[in-house]
Amino acid sequence: MPLDRATETYLRHVAIERGLSQHTLSAYRRDLAVFTSWLATAPVVDSDGADRAGGASAIDDVGRLARADVSEFVTHLATKPDGPLAPRSIARMLSSVRSFTAFAAGEGWLPLDPGTAVRPPKAPMRLPKAISVEDMERLLGAVSFDADDPVQLRDKALLELLYATGARISEAVGLSVDDVTTLSDDSAPDADGLAVVKVTGKGNKQRVVPLGSFARAAIDAYLVRARPVFAARGPSTPALFLGARGARLSRQSAWLVIQSAAEAAGLEVHVSPHTFRHSFATHLLEGGADVRVVQELLGHASVATTQIYTMVTADMLRDVYQTAHPRARR
């Protein structure tokens, strides 16, 4: 199977069978393009250490891929003369390559999966960056829904929803109007009248997250007083958040909304879309929420992913203890 045909077959497979988002599919395509381009130029050695006959340029068939090719590709990424990639970037790219080689082996194009034993470089642990409750209140207060400006009403609703739900920015802009609802007696008698939002996350997995009163009030104001203004400017769409021309708000535009609000609030720390998600999780845990509940609200497949936030709150407890306790330090 020619290498280029094999990668296209694999990309069609993950698009149709696994239902990956367009964003994830584009990332896979970019990563595999880097891998196959490197195979066409870089000298790769066989597993026994000998130079491959004809160099890597001879690899135009997926059946000739060996473990050494994948291993040397990782080394190349870590030592590129024009700038080595960070360990996290290498791990993401290797994940794409390993997914492809596993598929190729499963299809019988390879006798063994050459990527299975290759490990990425270990990335240093980086704790999520959350801002304080006070800074979050300043940020959210920088945009008002008392104004008649449709843009401010939309921006306020978006910011309140991000903090209230911990949704990723792609999940927030992907919401439809019908995703925001109120639970009824039939669905949950104990939660009658609770406002919730149905969020579609990675792998098209859905979760239901409650909406606090501030977020619900901001969304209601936007739906009544602003969304019809945007909707009149473009084609009909079920999207919750609309841009200036009436189409679904883009991730880039949502990012600019966040930057503008942070500047208006006078925050000195860097604020990104993920800052809202990190702050949501950290503030819940600081308030006594169970880590497994936070896991469900964030849509994490494993609680181990969520537990990194407990380290953030542990750091806070340590700092408070060392500052406040008279015998914590010498």
# chains A, B, ... in the order shown; residues from 1 in each chain; ligands from 1
$ residues_around --residues "region 280-287 of chain A" --least-positions-apart "3" --cutoff "7 Å" --atoms "only C-alpha atoms" --output "PyMOL selection string"
chain A and resi 130+163+166+276-277+290-291+294+309+313
$ residues_around --residues "Pro273 (chain A)" --least-positions-apart "3" --cutoff "10 Å" --atoms "only C-alpha atoms" --output "PyMOL selection string"
chain A and resi 159+162-163+166-170+251+254-259+276-278
$ write_last_selection --atoms "N, CA and C atoms" --output "CSV table (one decimal), in the first residue's frame"
chain,number,residue,atom,x,y,z
A,159,LEU,N,-19.1,34.7,28.5
A,159,LEU,CA,-18.2,34.7,29.7
A,159,LEU,C,-18.8,34.0,30.9
A,162,LEU,N,-19.0,30.2,30.3
A,162,LEU,CA,-17.7,29.6,30.4
A,162,LEU,C,-17.3,29.3,31.8
A,163,TYR,N,-17.5,30.3,32.7
A,163,TYR,CA,-17.1,30.2,34.1
A,163,TYR,C,-18.1,29.3,34.8
A,166,GLY,N,-17.4,25.5,33.0
A,166,GLY,CA,-16.1,24.9,32.7
A,166,GLY,C,-16.0,24.3,31.3
A,167,ALA,N,-16.8,24.7,30.4
A,167,ALA,CA,-16.8,24.2,29.0
A,167,ALA,C,-15.5,24.7,28.3
A,168,ARG,N,-15.0,23.9,27.4
A,168,ARG,CA,-14.0,24.3,26.5
A,168,ARG,C,-14.5,25.3,25.6
A,169,ILE,N,-13.7,26.2,25.0
A,169,ILE,CA,-14.2,27.2,24.1
A,169,ILE,C,-14.8,26.6,22.9
A,170,SER,N,-14.3,25.5,22.4
A,170,SER,CA,-14.9,24.8,21.2
A,170,SER,C,-16.3,24.3,21.6
A,251,ARG,N,-14.2,30.3,17.2
A,251,ARG,CA,-13.4,30.2,18.4
A,251,ARG,C,-12.4,31.4,18.5
A,254,ALA,N,-14.4,34.3,19.9
A,254,ALA,CA,-14.6,34.1,21.3
A,254,ALA,C,-13.3,34.4,22.1
A,255,TRP,N,-12.2,34.0,21.6
A,255,TRP,CA,-10.9,34.3,22.2
A,255,TRP,C,-10.7,35.8,22.4
A,256,LEU,N,-11.1,36.6,21.3
A,256,LEU,CA,-11.0,38.0,21.4
A,256,LEU,C,-11.9,38.6,22.4
A,257,VAL,N,-13.1,38.0,22.6
A,257,VAL,CA,-14.0,38.5,23.6
A,257,VAL,C,-13.4,38.4,25.0
A,258,ILE,N,-12.7,37.3,25.2
A,258,ILE,CA,-12.0,37.0,26.5
A,258,ILE,C,-10.9,38.0,26.7
A,259,GLN,N,-10.1,38.2,25.7
A,259,GLN,CA,-9.0,39.2,25.8
A,259,GLN,C,-9.5,40.6,26.1
A,276,PHE,N,-10.7,30.0,32.1
A,276,PHE,CA,-12.1,29.8,32.7
A,276,PHE,C,-12.3,28.4,33.1
A,277,ARG,N,-11.8,27.4,32.3
A,277,ARG,CA,-12.0,26.0,32.7
A,277,ARG,C,-11.2,25.6,33.9
A,278,HIS,N,-10.0,26.1,34.0
A,278,HIS,CA,-9.1,25.8,35.1
A,278,HIS,C,-9.7,26.5,36.4
$ atom_distance --atom1 "CA of Gly106 (chain A)" --atom2 "CA of Val70 (chain A)"
17.3 Å
$ closest_residue --among "A:Met311, A:Ala265, A:Ala27, A:Met93" --to "Glu137 (chain A)" --atoms "only C-alpha atoms"
A:Ala265
$ select_by_dssp --residues "region 145-226 of chain A" --states "strand (DSSP E)" --output "JSON, numbers by chain"
{"A": [180, 181, 182, 195, 196, 197, 198, 199, 200, 206, 207, 208, 209, 210]}
$ select_by_dssp --residues "region 146-181 of chain A" --states "alpha helix (DSSP H)" --output "JSON, numbers by chain"
{"A": [150, 151, 152, 153, 154, 155, 156, 157, 158, 159, 160, 161, 162, 163, 164, 165, 169, 170, 171, 172, 173]}
$ write_last_selection --atoms "C-alpha atoms" --output "PDB file, in the first residue's frame"
ATOM      1  CA  PRO A 150     -26.071  43.389  21.490  1.00  0.00           C
ATOM      2  CA  VAL A 151     -22.329  42.704  21.443  1.00  0.00           C
ATOM      3  CA  GLN A 152     -22.018  43.331  25.184  1.00  0.00           C
ATOM      4  CA  LEU A 153     -25.046  41.173  25.893  1.00  0.00           C
ATOM      5  CA  ARG A 154     -23.568  38.309  23.862  1.00  0.00           C
ATOM      6  CA  ASP A 155     -20.112  38.684  25.396  1.00  0.00           C
ATOM      7  CA  LYS A 156     -21.536  38.728  28.909  1.00  0.00           C
ATOM      8  CA  ALA A 157     -23.524  35.551  28.240  1.00  0.00           C
ATOM      9  CA  LEU A 158     -20.482  33.789  26.773  1.00  0.00           C
ATOM     10  CA  LEU A 159     -18.174  34.700  29.666  1.00  0.00           C
ATOM     11  CA  GLU A 160     -20.719  33.746  32.317  1.00  0.00           C
ATOM     12  CA  LEU A 161     -21.377  30.414  30.602  1.00  0.00           C
ATOM     13  CA  LEU A 162     -17.669  29.577  30.368  1.00  0.00           C
ATOM     14  CA  TYR A 163     -17.137  30.152  34.080  1.00  0.00           C
ATOM     15  CA  ALA A 164     -20.434  28.544  35.132  1.00  0.00           C
ATOM     16  CA  THR A 165     -19.856  25.302  33.204  1.00  0.00           C
ATOM     17  CA  ILE A 169     -14.172  27.215  24.111  1.00  0.00           C
ATOM     18  CA  SER A 170     -14.909  24.837  21.208  1.00  0.00           C
ATOM     19  CA  GLU A 171     -17.747  23.315  23.237  1.00  0.00           C
ATOM     20  CA  ALA A 172     -19.191  26.737  24.078  1.00  0.00           C
ATOM     21  CA  VAL A 173     -19.248  28.058  20.516  1.00  0.00           C
TER      22      VAL A 173
END
$ closest_residue --among "A:Ile308, A:Val269, A:Arg233, A:Thr7" --to "Ala33 (chain A)" --atoms "only C-alpha atoms"
A:Thr7
$ atom_distance --atom1 "CA of Thr79 (chain A)" --atom2 "CA of Leu32 (chain A)"
18.6 Å
$ atom_distance --atom1 "CA of Thr200 (chain A)" --atom2 "CA of Ser95 (chain A)"
23.1 Å
